[in-house]
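*Asks:* Questions regarding the structure given below will be posed in turn.
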Amino acid sequence: MSKAPLKVCVLIPAYREERRIGAVVREVLDYCSDVVVIDDGSPDDTAKAAAEAGAAVLEHVHNQGKGAALQTGFDHARARGCDLAITMDADGQHAPSDIPAFLQAYERTHSPVLVGNRMNNVATMPPLRRFVNRFMSDLLSRVMGQHVPDSQCGFRLYHRSAFPEGPYDAHSKRFAAESEILLRLALQGRKIGAVAIQTIYGDEKSKVNPFTDTFRFFRMLRRFRKIKKEFLAQ
């Protein structure tokens, strides 16, 4: 008896992306029929553009940050009975054509978490972003006890057994939440794999502040060390 096909969805947190989200959704639909955009309280027409392009749209009344938007998406995927959830950014920095690479890597390795890796091709990556990514990835890898070459990449695949459940500390509801997700999964003994993806940087303005979000990262990391100590003491 052949296995039933895996139920896959793509989760796209979005904030003020009405200009790009339609094109992103339409391209993703070439690779996955279940696309969910989580509009994180955008004051523009992000939700309308996403819906017109063919995505299911979940809306936050107020902006809560990327981590909170992702959690809304994971809760939706869990309720829908999805086997796999792929997370992507809404600004066009992730190529939907890389989605098959994640699915093939999952079929090959059955790793519960796969993180995109852009660090093999950094020629187009801004120097500051390259430095921050490498620094944070090396630090996070040491804390987790396993190597994740591009821990700051939001293009990821999660098996349902690894869907984050939250809630996270208020300070980690923004970009630090993606690092906290990996730390918590590593603490559970989950193997985190990597998938080589394209490195795309255009005229989009990153919502990541290298200084503010680095500070939030270290604050999250300090709090996580306490969580890890309590976990190991059980």
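Each chain in the structure tokens gets a letter, A, B and so on, in the order shown; residues start at 1 in every chain, and ligands are counted from 1 in the order they appear.
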Quick one: residues within 7 Å of Gly154 (chain A), only C-alpha atoms counted, chain neighbours fewer than 5 positions away excluded, as JSON, numbers by chain?
*Replies:* {"A": [87, 88, 89]}
*Asks:* Take the residues just selected and output them with all heavy atoms as a PDB file, in the first residue's frame.
*Replies:*
ATOM      1  N   THR A  87       8.298  27.896   6.169  1.00  0.00           N
ATOM      2  CA  THR A  87       8.179  29.322   6.457  1.00  0.00           C
ATOM      3  C   THR A  87       9.052  30.118   5.495  1.00  0.00           C
ATOM      4  O   THR A  87      10.160  29.710   5.163  1.00  0.00           O
ATOM      5  CB  THR A  87       8.593  29.643   7.904  1.00  0.00           C
ATOM      6  OG1 THR A  87       9.977  29.302   8.121  1.00  0.00           O
ATOM      7  CG2 THR A  87       7.735  28.859   8.897  1.00  0.00           C
ATOM      8  N   MET A  88       8.520  31.250   5.033  1.00  0.00           N
ATOM      9  CA  MET A  88       9.223  32.110   4.087  1.00  0.00           C
ATOM     10  C   MET A  88       8.966  33.569   4.447  1.00  0.00           C
ATOM     11  O   MET A  88       7.955  33.904   5.045  1.00  0.00           O
ATOM     12  CB  MET A  88       8.718  31.881   2.653  1.00  0.00           C
ATOM     13  CG  MET A  88       9.017  30.533   2.066  1.00  0.00           C
ATOM     14  SD  MET A  88       8.377  30.445   0.358  1.00  0.00           S
ATOM     15  CE  MET A  88       9.336  31.759  -0.429  1.00  0.00           C
ATOM     16  N   ASP A  89       9.870  34.442   4.015  1.00  0.00           N
ATOM     17  CA  ASP A  89       9.667  35.873   4.182  1.00  0.00           C
ATOM     18  C   ASP A  89       8.820  36.412   3.041  1.00  0.00           C
ATOM     19  O   ASP A  89       8.758  35.824   1.951  1.00  0.00           O
ATOM     20  CB  ASP A  89      11.002  36.614   4.243  1.00  0.00           C
ATOM     21  CG  ASP A  89      11.759  36.336   5.530  1.00  0.00           C
ATOM     22  OD1 ASP A  89      11.167  35.733   6.447  1.00  0.00           O
ATOM     23  OD2 ASP A  89      12.945  36.721   5.620  1.00  0.00           O
TER      24      ASP A  89
END
*Asks:* List as an NGL selection string the protein and nucleic acid residues near Phe135 (chain A), meaning an atom at most 12 Å away when only C-alpha atoms are counted, but skip any in the same chain fewer than 3 places from it.
*Replies:* :A and (119 or 128-132 or 138-142 or 148-152 or 210 or 214 or 217-218)
*Asks:* What's the 8 Å shell around region 55-59 of chain A, counting only C-alpha atoms, without same-chain residues fewer than 4 positions away, as a PyMOL selection string?
*Replies:* chain A and resi 25+34-41+47+50-51+72-73
*Asks:* Selected residues, C-alpha atoms, written as a CSV table (one decimal), in the first residue's frame, please.
*Replies:*
chain,number,residue,atom,x,y,z
A,25,VAL,CA,2.3,34.3,-3.3
A,34,ASP,CA,-1.7,25.7,0.4
A,35,VAL,CA,-0.2,29.2,1.0
A,36,VAL,CA,-1.1,31.1,4.2
A,37,VAL,CA,-0.1,34.7,4.7
A,38,ILE,CA,-0.2,36.1,8.3
A,39,ASP,CA,-0.7,39.8,8.0
A,40,ASP,CA,0.8,41.2,11.2
A,41,GLY,CA,-1.4,44.3,11.6
A,47,ALA,CA,-3.9,41.3,3.4
A,50,ALA,CA,-2.3,38.4,-0.6
A,51,ALA,CA,-5.9,37.2,-0.8
A,72,THR,CA,-0.3,32.1,14.5
A,73,GLY,CA,0.7,30.3,11.3
*Asks:* Quick check for you: according to DSSP on this backbone, which residues of region 42-106 of chain A are classed as strand (DSSP E)? Reply as a list in words.
*Replies:*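 The strand (DSSP E) residues within region 42-106 of chain A come out as Ala56, Val57, Leu58, Glu59, His60, Leu84, Ala85, Ile86 and Thr87 of chain A.
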